[in-house]
$ cat model07.csv   # CSV, C-alpha atoms
chain,number,residue,atom,x,y,z
A,1,MET,CA,62.6,339.5,87.2
A,2,SER,CA,66.1,340.9,87.9
A,3,SER,CA,68.7,341.0,85.1
A,4,ALA,CA,70.9,338.7,87.3
A,5,LEU,CA,68.2,336.1,87.4
A,6,GLU,CA,67.6,336.3,83.7
A,7,GLY,CA,71.4,335.7,83.3
A,8,LEU,CA,71.2,332.7,85.5
A,9,LEU,CA,68.2,331.2,83.7
A,10,ASP,CA,70.1,331.7,80.4
A,11,LEU,CA,73.1,329.9,81.9
A,12,LEU,CA,70.8,326.9,82.7
A,13,ASP,CA,69.3,326.9,79.3
A,14,LEU,CA,71.7,324.4,77.8
A,15,GLU,CA,72.4,324.1,74.1
A,16,GLN,CA,71.6,320.6,72.7
A,17,ILE,CA,74.3,319.7,70.2
A,18,GLU,CA,73.3,316.1,69.6
A,19,GLN,CA,70.9,313.5,71.0
A,20,ASN,CA,71.8,313.1,74.7
A,21,ILE,CA,74.7,315.7,74.4
A,22,PHE,CA,74.4,319.3,75.7
A,23,ARG,CA,76.7,322.2,76.0
A,24,GLY,CA,76.8,324.8,78.8
A,25,ARG,CA,78.6,328.0,79.5
A,26,SER,CA,80.0,329.3,82.8
A,27,ARG,CA,79.6,332.7,84.5
A,28,SER,CA,82.4,334.6,86.2
A,29,ALA,CA,82.9,333.1,89.7
A,30,VAL,CA,84.2,334.6,92.9
A,31,VAL,CA,87.1,332.2,92.7
A,32,PRO,CA,88.9,331.1,89.5
A,33,ARG,CA,87.0,327.9,89.0
A,34,VAL,CA,83.4,326.9,88.0
A,35,PHE,CA,81.0,327.2,90.9
A,36,GLY,CA,79.9,323.7,92.0
A,37,GLY,CA,76.3,324.6,92.2
A,38,GLN,CA,76.3,325.7,88.6
A,39,VAL,CA,77.7,322.5,87.2
A,40,ALA,CA,75.3,320.4,89.4
A,41,ALA,CA,72.3,322.4,88.2
A,42,GLN,CA,73.3,322.3,84.6
A,43,ALA,CA,73.9,318.5,84.8
A,44,LEU,CA,70.4,318.1,86.2
A,45,VAL,CA,69.0,320.2,83.4
A,46,ALA,CA,70.7,317.9,80.9
A,47,ALA,CA,69.3,314.8,82.6
A,48,GLY,CA,65.8,316.3,82.9
A,49,ARG,CA,65.6,317.2,79.2
A,50,THR,CA,65.8,313.5,78.4
A,51,VAL,CA,62.9,312.5,80.7
A,52,PRO,CA,59.1,312.6,80.1
A,53,ALA,CA,57.5,315.8,81.5
A,54,ASP,CA,55.3,313.9,83.9
A,55,ARG,CA,58.3,312.5,85.8
A,56,THR,CA,59.9,314.9,88.3
A,57,ALA,CA,63.3,314.7,89.9
A,58,HIS,CA,63.3,312.9,93.3
A,59,SER,CA,67.0,312.5,94.0
A,60,LEU,CA,70.5,313.2,92.7
A,61,HIS,CA,73.9,311.9,93.7
A,62,SER,CA,77.1,313.5,92.4
A,63,TYR,CA,80.8,313.8,92.6
A,64,PHE,CA,83.1,316.8,91.9
A,65,LEU,CA,86.1,315.2,90.1
A,66,ARG,CA,88.2,318.1,88.8
A,67,MET,CA,88.3,321.9,89.1
A,68,GLY,CA,86.2,323.4,86.3
A,69,ASP,CA,87.6,326.0,83.9
A,70,PRO,CA,85.2,329.0,83.8
A,71,GLY,CA,86.6,330.1,80.5
A,72,ALA,CA,85.7,326.9,78.6
A,73,PRO,CA,82.4,325.3,77.6
A,74,ILE,CA,81.2,322.3,79.5
A,75,VAL,CA,79.8,319.3,77.5
A,76,TYR,CA,77.2,317.2,79.3
A,77,THR,CA,76.7,313.6,78.1
A,78,VAL,CA,73.5,311.9,79.3
A,79,ASP,CA,73.3,308.1,79.6
A,80,ARG,CA,69.7,306.8,79.6
A,81,ILE,CA,70.3,304.1,82.2
A,82,ARG,CA,66.6,303.0,82.7
A,83,ASP,CA,63.1,304.0,81.8
A,84,GLY,CA,60.8,302.0,84.1
A,85,ARG,CA,57.0,302.2,84.7
A,86,SER,CA,57.4,304.5,87.6
A,87,PHE,CA,61.1,305.6,87.7
A,88,THR,CA,63.6,306.9,85.2
A,89,THR,CA,67.3,306.9,85.9
A,90,ARG,CA,69.9,309.1,84.1
A,91,ARG,CA,73.7,309.4,84.4
A,92,VAL,CA,75.4,312.6,83.3
A,93,VAL,CA,79.2,313.2,82.8
A,94,ALA,CA,80.4,316.8,82.5
A,95,VAL,CA,83.6,317.1,80.4
A,96,GLN,CA,86.1,319.9,79.8
A,97,HIS,CA,89.3,319.7,77.9
A,98,GLY,CA,88.7,316.0,77.3
A,99,GLN,CA,88.5,315.1,81.0
A,100,PRO,CA,85.4,314.5,83.2
A,101,ILE,CA,85.0,317.2,85.9
A,102,PHE,CA,81.7,316.1,87.4
A,103,HIS,CA,79.5,313.0,87.5
A,104,LEU,CA,75.8,312.9,88.4
A,105,SER,CA,73.2,310.2,88.8
A,106,ALA,CA,69.6,311.4,89.0
A,107,SER,CA,66.3,309.6,89.4
A,108,PHE,CA,62.8,310.8,88.3
A,109,GLN,CA,59.4,309.5,89.3
A,110,THR,CA,55.8,309.7,88.2
A,111,TYR,CA,53.5,311.2,90.8
A,112,GLU,CA,51.8,308.7,93.1
A,113,GLU,CA,50.0,308.6,96.5
A,114,GLY,CA,51.7,307.0,99.4
A,115,LEU,CA,52.5,307.1,103.2
A,116,GLU,CA,53.0,310.6,104.5
A,117,HIS,CA,54.9,312.0,107.4
A,118,GLN,CA,57.7,314.6,108.1
A,119,GLU,CA,59.7,316.2,110.8
A,120,GLU,CA,58.6,319.5,112.3
A,121,MET,CA,60.0,322.6,110.8
A,122,PRO,CA,62.5,324.3,113.1
A,123,ASP,CA,61.9,327.8,114.5
A,124,SER,CA,63.2,330.6,112.4
A,125,PRO,CA,62.5,334.4,112.1
A,126,ASP,CA,60.5,335.9,109.2
A,127,PRO,CA,63.0,336.3,106.3
A,128,GLU,CA,61.7,339.7,105.5
A,129,THR,CA,63.1,340.9,108.9
A,130,LEU,CA,66.6,339.8,108.1
A,131,PRO,CA,69.4,341.8,106.4
A,132,THR,CA,70.0,341.3,102.7
A,133,ALA,CA,73.4,340.4,101.3
A,134,ALA,CA,73.9,344.0,100.1
A,135,GLU,CA,73.3,345.2,103.7
A,136,MET,CA,75.4,342.5,105.4
A,137,LEU,CA,78.5,341.9,103.3
A,138,PRO,CA,79.9,345.4,103.3
A,139,ARG,CA,80.0,345.4,107.1
A,140,TYR,CA,82.7,342.8,107.0
A,141,ALA,CA,84.8,343.9,104.1
A,142,ASP,CA,87.8,344.4,106.5
A,143,ARG,CA,87.7,340.7,107.5
A,144,PHE,CA,88.5,339.5,103.9
A,145,VAL,CA,92.0,339.0,102.5
A,146,ASP,CA,90.8,340.9,99.4
A,147,PRO,CA,88.1,343.5,100.2
A,148,GLY,CA,87.1,343.4,96.6
A,149,VAL,CA,85.5,340.0,97.2
A,150,VAL,CA,82.5,341.8,98.5
A,151,ASP,CA,81.6,343.1,95.1
A,152,ARG,CA,82.3,339.8,93.5
A,153,LEU,CA,80.1,337.9,96.0
A,154,LEU,CA,77.3,340.4,95.5
A,155,GLU,CA,77.5,340.0,91.8
A,156,ALA,CA,77.6,336.2,92.0
A,157,ARG,CA,74.6,336.0,94.3
A,158,ALA,CA,72.5,338.7,92.7
A,159,ALA,CA,70.1,336.2,91.1
A,160,VAL,CA,69.2,334.9,94.5
A,161,ASP,CA,68.0,336.7,97.6
A,162,LEU,CA,69.9,334.9,100.4
A,163,ARG,CA,69.6,336.0,104.0
A,164,TYR,CA,71.5,334.6,107.0
A,165,VAL,CA,69.5,334.1,110.2
A,166,ASP,CA,72.6,334.4,112.4
A,167,GLU,CA,76.0,335.9,111.6
A,168,PRO,CA,77.8,334.0,108.8
A,169,PRO,CA,81.2,332.3,109.5
A,170,TYR,CA,83.3,335.3,108.2
A,171,ALA,CA,81.6,337.5,110.8
A,172,THR,CA,82.6,335.4,113.8
A,173,ALA,CA,86.0,334.0,112.7
A,174,GLY,CA,88.1,333.0,115.7
A,175,ARG,CA,85.1,332.2,117.8
A,176,PRO,CA,83.8,328.6,117.6
A,177,ARG,CA,80.0,328.2,117.6
A,178,GLU,CA,77.5,325.5,117.5
A,179,PRO,CA,77.8,323.8,114.1
A,180,ARG,CA,74.4,324.9,112.8
A,181,SER,CA,73.4,327.6,110.3
A,182,GLN,CA,70.2,328.8,108.8
A,183,VAL,CA,69.6,330.9,105.7
A,184,TRP,CA,66.4,331.9,103.9
A,185,PHE,CA,66.6,332.1,100.1
A,186,ARG,CA,64.5,332.6,97.0
A,187,ALA,CA,65.1,333.5,93.3
A,188,ASN,CA,65.2,337.2,92.8
A,189,GLY,CA,62.1,337.2,90.5
A,190,LYS,CA,59.2,335.2,89.3
A,191,LEU,CA,59.9,331.8,87.6
A,192,ALA,CA,58.0,329.9,85.1
A,193,ASP,CA,55.7,327.0,86.3
A,194,ASP,CA,58.3,324.3,85.3
A,195,PRO,CA,59.1,321.9,88.2
A,196,LEU,CA,62.5,321.0,86.7
A,197,LEU,CA,63.5,324.7,86.7
A,198,HIS,CA,62.6,325.1,90.4
A,199,VAL,CA,64.5,321.9,91.3
A,200,CYS,CA,67.6,323.1,89.4
A,201,LEU,CA,67.5,326.6,91.0
A,202,ALA,CA,67.4,324.9,94.4
A,203,THR,CA,70.3,322.7,93.4
A,204,TYR,CA,72.3,325.7,92.3
A,205,VAL,CA,71.8,327.5,95.7
A,206,SER,CA,72.3,324.4,97.8
A,207,ASP,CA,76.1,324.5,97.2
A,208,MET,CA,76.5,328.1,98.4
A,209,THR,CA,76.4,327.7,102.2
A,210,LEU,CA,76.1,324.0,103.2
A,211,LEU,CA,79.7,323.7,104.6
A,212,ASP,CA,79.2,326.9,106.7
A,213,SER,CA,78.4,324.8,109.7
A,214,VAL,CA,81.7,322.9,109.5
A,215,LEU,CA,83.5,326.3,109.7
A,216,LEU,CA,81.4,327.5,112.6
A,217,ALA,CA,82.4,324.5,114.7
A,218,HIS,CA,86.0,325.5,114.5
A,219,GLY,CA,85.7,329.3,114.5
A,220,ARG,CA,86.9,329.5,110.9
A,221,GLY,CA,85.8,332.3,108.6
A,222,GLY,CA,86.2,330.6,105.2
A,223,TRP,CA,88.2,330.9,102.1
A,224,ALA,CA,87.6,334.7,101.7
A,225,VAL,CA,89.0,335.2,105.2
A,226,GLY,CA,92.0,333.0,104.3
A,227,ASP,CA,91.8,330.6,107.3
A,228,VAL,CA,90.7,327.6,105.3
A,229,VAL,CA,91.0,326.2,101.8
A,230,GLY,CA,88.5,323.7,100.4
A,231,ALA,CA,86.2,322.4,97.7
A,232,SER,CA,83.1,320.3,97.4
A,233,LEU,CA,83.7,316.6,97.0
A,234,ASP,CA,80.2,315.1,96.6
A,235,HIS,CA,76.6,316.3,96.8
A,236,ALA,CA,73.4,314.5,97.3
A,237,MET,CA,69.8,315.7,97.3
A,238,TRP,CA,66.3,314.2,97.8
A,239,PHE,CA,63.3,316.1,96.6
A,240,HIS,CA,60.4,315.2,98.9
A,241,ARG,CA,57.6,317.6,98.0
A,242,PRO,CA,56.8,320.2,95.4
A,243,PHE,CA,58.1,323.7,96.0
A,244,ARG,CA,58.8,327.0,94.3
A,245,ALA,CA,62.3,328.4,94.2
A,246,ASP,CA,60.8,331.9,93.8
A,247,GLU,CA,59.2,331.7,97.2
A,248,TRP,CA,61.0,331.7,100.5
A,249,LEU,CA,62.8,328.5,101.5
A,250,LEU,CA,64.5,327.8,104.8
A,251,TYR,CA,67.9,326.1,104.5
A,252,ASP,CA,68.6,324.6,107.9
A,253,GLN,CA,72.1,323.2,108.0
A,254,GLU,CA,74.4,321.4,110.4
A,255,SER,CA,77.7,319.5,110.5
A,256,PRO,CA,77.8,316.2,112.4
A,257,SER,CA,81.5,315.5,111.7
A,258,ALA,CA,84.8,316.8,110.4
A,259,SER,CA,87.9,314.6,110.1
A,260,GLY,CA,90.7,313.7,107.7
A,261,GLY,CA,90.7,317.1,106.0
A,262,ARG,CA,87.0,316.7,105.2
A,263,GLY,CA,83.9,318.2,106.6
A,264,LEU,CA,80.3,316.9,106.3
A,265,GLY,CA,77.3,319.1,106.0
A,266,GLN,CA,73.7,317.9,106.1
A,267,ALA,CA,70.5,320.0,105.8
A,268,ARG,CA,66.8,320.2,105.2
A,269,ILE,CA,65.0,322.8,103.1
A,270,TRP,CA,61.5,323.8,104.1
A,271,THR,CA,58.8,325.9,102.5
A,272,GLN,CA,57.7,328.9,104.5
A,273,ASP,CA,54.4,327.2,105.4
A,274,GLY,CA,56.3,324.2,107.0
A,275,ARG,CA,56.5,321.5,104.3
A,276,LEU,CA,59.8,319.5,104.2
A,277,ALA,CA,60.8,320.0,100.5
A,278,ILE,CA,64.4,318.8,100.2
A,279,THR,CA,67.2,316.9,102.2
A,280,VAL,CA,70.8,317.7,101.2
A,281,ILE,CA,74.1,316.1,102.2
A,282,GLN,CA,77.5,317.2,101.1
A,283,GLU,CA,81.1,316.5,102.0
A,284,GLY,CA,83.9,318.8,101.2
A,285,VAL,CA,87.7,319.2,101.6
A,286,VAL,CA,88.2,321.7,104.5
A,287,ARG,CA,91.9,322.2,105.2
A,288,VAL,CA,93.8,324.7,107.3
A,289,PRO,CA,96.4,326.4,105.1
A,290,ARG,CA,100.0,325.5,105.9
A,291,ASP,CA,102.2,328.3,107.1

$ encode --input "model07.csv" --output "structure tokens"
Amino acid sequence: MSSALEGLLDLLDLEQIEQNIFRGRSRSAVVPRVFGGQVAAQALVAAGRTVPADRTAHSLHSYFLRMGDPGAPIVYTVDRIRDGRSFTTRRVVAVQHGQPIFHLSASFQTYEEGLEHQEEMPDSPDPETLPTAAEMLPRYADRFVDPGVVDRLLEARAAVDLRYVDEPPYATAGRPREPRSQVWFRANGKLADDPLLHVCLATYVSDMTLLDSVLLAHGRGGWAVGDVVGASLDHAMWFHRPFRADEWLLYDQESPSASGGRGLGQARIWTQDGRLAITVIQEGVVRVPRD
């Protein structure tokens, strides 16, 4: 296991300070705010720690309310909404400096048999044939407003091996493309056999690239290029089938709409052997900077 992955797992191992109350830390981010995927994953950890082990997460719905301060701890308060025969519901509020910065509702379910069908997995190349972040990012250092962002991005993503199928938005800025993007990802090391951990790792990664397809439709390179500013507004996930976040997962993303200073991204995450594991939908602020 890489030291970066060990650091991420330590970040997700929240301190319990009272019944239903947990405290988390933040890691240095590429931008001066808490990474949205981190707070979402930590909130899901907090929720999951109040749920019986035989119930796994099947969905989450969340809102990003305020910018998080990476220099301050985050307190997660869990409200035990319902414990039914098959489903358990939890609500989590993340607080910093006395104000809520994030709100999550999550539902957990005991395993049961049922109807079964899924879409076909889209075509995609073998992830092992694609360039790593360390191979790709330095090629485009001259595209970024601050070339030092390359090192910060590599450090922030060192816990996850994330590989673009096609060129990322910053590589084709100024050239609109079809609003679709694919990346393969997996944790950079072996994980324990804990379903909650794998779900939380996927939640963490799911906020990294989902709005790429919005940028591609308009030929925008992203915040590091300086041609858009933005932030996540809300994030929803449905976990359909078991998966491992330390094995390759295909993140197939698209944007059906952008309007009103907001862009919508929707995606499906597939296991390498073709099982539909997760559906993700996110809306974010996507604005063109004023002159």

$ closest_atom_pairs --input "model07.csv" --of "region 45-132 of chain A" --to "region 7-28 of chain A" --cutoff "9 Å" --atoms "all atoms listed in the file" --output "JSON lines"
{"residue": "A:Val45", "atom": "CA", "partner": "A:Leu12", "partner_atom": "CA", "distance": 7.0}
{"residue": "A:Ala46", "atom": "CA", "partner": "A:Phe22", "partner_atom": "CA", "distance": 6.5}
{"residue": "A:Ala47", "atom": "CA", "partner": "A:Asn20", "partner_atom": "CA", "distance": 8.5}
{"residue": "A:Arg49", "atom": "CA", "partner": "A:Asn20", "partner_atom": "CA", "distance": 8.7}
{"residue": "A:Thr50", "atom": "CA", "partner": "A:Asn20", "partner_atom": "CA", "distance": 7.1}
{"residue": "A:Asp69", "atom": "CA", "partner": "A:Ser26", "partner_atom": "CA", "distance": 8.4}
{"residue": "A:Pro70", "atom": "CA", "partner": "A:Ser26", "partner_atom": "CA", "distance": 5.3}
{"residue": "A:Gly71", "atom": "CA", "partner": "A:Ser26", "partner_atom": "CA", "distance": 7.0}
{"residue": "A:Ala72", "atom": "CA", "partner": "A:Arg25", "partner_atom": "CA", "distance": 7.2}
{"residue": "A:Pro73", "atom": "CA", "partner": "A:Arg25", "partner_atom": "CA", "distance": 5.0}
{"residue": "A:Ile74", "atom": "CA", "partner": "A:Gly24", "partner_atom": "CA", "distance": 5.1}
{"residue": "A:Val75", "atom": "CA", "partner": "A:Arg23", "partner_atom": "CA", "distance": 4.5}
{"residue": "A:Tyr76", "atom": "CA", "partner": "A:Phe22", "partner_atom": "CA", "distance": 5.0}
{"residue": "A:Thr77", "atom": "CA", "partner": "A:Ile21", "partner_atom": "CA", "distance": 4.7}
{"residue": "A:Val78", "atom": "CA", "partner": "A:Asn20", "partner_atom": "CA", "distance": 5.0}
{"residue": "A:Asp79", "atom": "CA", "partner": "A:Asn20", "partner_atom": "CA", "distance": 7.2}
{"residue": "A:Arg80", "atom": "CA", "partner": "A:Asn20", "partner_atom": "CA", "distance": 8.3}

$ closest_residue --input "model07.csv" --among "A:Asn188, A:Ser259, A:Gln266, A:Thr271" --to "Leu211 (chain A)" --atoms "all atoms listed in the file"
A:Gln266

$ closest_residue --input "model07.csv" --among "A:Leu191, A:Leu115, A:Ala159, A:Ala133" --to "Asp246 (chain A)" --atoms "all atoms listed in the file"
A:Leu191

$ atom_distance --input "model07.csv" --atom1 "CA of Gln182 (chain A)" --atom2 "CA of Phe35 (chain A)"
21.0 Å

$ residues_near_point --input "model07.csv" --point "(54.6, 315.2, 98.8)" --cutoff "10 Å" --atoms "all atoms listed in the file" --output "PDB file with C-alpha atoms, keeping the file's coordinate frame"
ATOM      1  CA  TYR A 111      53.500 311.200  90.800  1.00  0.00           C
ATOM      2  CA  GLU A 112      51.800 308.700  93.100  1.00  0.00           C
ATOM      3  CA  GLU A 113      50.000 308.600  96.500  1.00  0.00           C
ATOM      4  CA  GLY A 114      51.700 307.000  99.400  1.00  0.00           C
ATOM      5  CA  LEU A 115      52.500 307.100 103.200  1.00  0.00           C
ATOM      6  CA  GLU A 116      53.000 310.600 104.500  1.00  0.00           C
ATOM      7  CA  HIS A 117      54.900 312.000 107.400  1.00  0.00           C
ATOM      8  CA  GLN A 118      57.700 314.600 108.100  1.00  0.00           C
ATOM      9  CA  PHE A 239      63.300 316.100  96.600  1.00  0.00           C
ATOM     10  CA  HIS A 240      60.400 315.200  98.900  1.00  0.00           C
ATOM     11  CA  ARG A 241      57.600 317.600  98.000  1.00  0.00           C
ATOM     12  CA  PRO A 242      56.800 320.200  95.400  1.00  0.00           C
ATOM     13  CA  PHE A 243      58.100 323.700  96.000  1.00  0.00           C
ATOM     14  CA  ARG A 275      56.500 321.500 104.300  1.00  0.00           C
ATOM     15  CA  LEU A 276      59.800 319.500 104.200  1.00  0.00           C
ATOM     16  CA  ALA A 277      60.800 320.000 100.500  1.00  0.00           C
TER      17      ALA A 277
END

$ residues_around --input "model07.csv" --residues "region 173-176 of chain A" --least-positions-apart "3" --cutoff "7 Å" --atoms "only C-alpha atoms" --output "PDB file with C-alpha atoms, in the coordinates of the input"
ATOM      1  CA  PRO A 169      81.200 332.300 109.500  1.00  0.00           C
ATOM      2  CA  TYR A 170      83.300 335.300 108.200  1.00  0.00           C
ATOM      3  CA  LEU A 216      81.400 327.500 112.600  1.00  0.00           C
ATOM      4  CA  ALA A 217      82.400 324.500 114.700  1.00  0.00           C
ATOM      5  CA  HIS A 218      86.000 325.500 114.500  1.00  0.00           C
ATOM      6  CA  GLY A 219      85.700 329.300 114.500  1.00  0.00           C
ATOM      7  CA  ARG A 220      86.900 329.500 110.900  1.00  0.00           C
ATOM      8  CA  GLY A 221      85.800 332.300 108.600  1.00  0.00           C
TER       9      GLY A 221
END

$ atom_distance --input "model07.csv" --atom1 "CA of Leu201 (chain A)" --atom2 "CA of Gln99 (chain A)"
25.9 Å

$ residues_around --input "model07.csv" --residues "Ser124 (chain A)" --least-positions-apart "6" --cutoff "10 Å" --atoms "all atoms listed in the file" --output "PyMOL selection string"
chain A and resi 165+182-184+250+252+272

$ atom_distance --input "model07.csv" --atom1 "CA of Ser59 (chain A)" --atom2 "CA of Phe108 (chain A)"
7.3 Å

$ closest_residue --input "model07.csv" --among "A:Asp166, A:Asp212, A:Glu128, A:Asp207" --to "Glu247 (chain A)" --atoms "only C-alpha atoms"
A:Glu128

$ axis_aligned_box --input "model07.csv" --around "region 10-13 of chain A" --padding-each-side "5 Å" --output "AutoDock Vina command-line options"
--center_x 71.2 --center_y 329.3 --center_z 81.0 --size_x 13.8 --size_y 14.8 --size_z 13.4

$ closest_residue --input "model07.csv" --among "A:Asp161, A:Asp83, A:Glu120, A:Glu283" --to "Leu233 (chain A)" --atoms "all atoms listed in the file"
A:Glu283

$ residues_around --input "model07.csv" --residues "Thr88 (chain A)" --least-positions-apart "2" --cutoff "7 Å" --atoms "all atoms listed in the file" --output "ChimeraX atom specification"
/A:82-84,90,107-109

$ closest_residue --input "model07.csv" --among "A:Arg262, A:Arg143, A:Arg244, A:Arg290" --to "Val225 (chain A)" --atoms "all atoms listed in the file"
A:Arg143

$ closest_residue --input "model07.csv" --among "A:Gly68, A:Pro256, A:Gly148, A:Pro179" --to "Ala224 (chain A)" --atoms "all atoms listed in the file"
A:Gly148
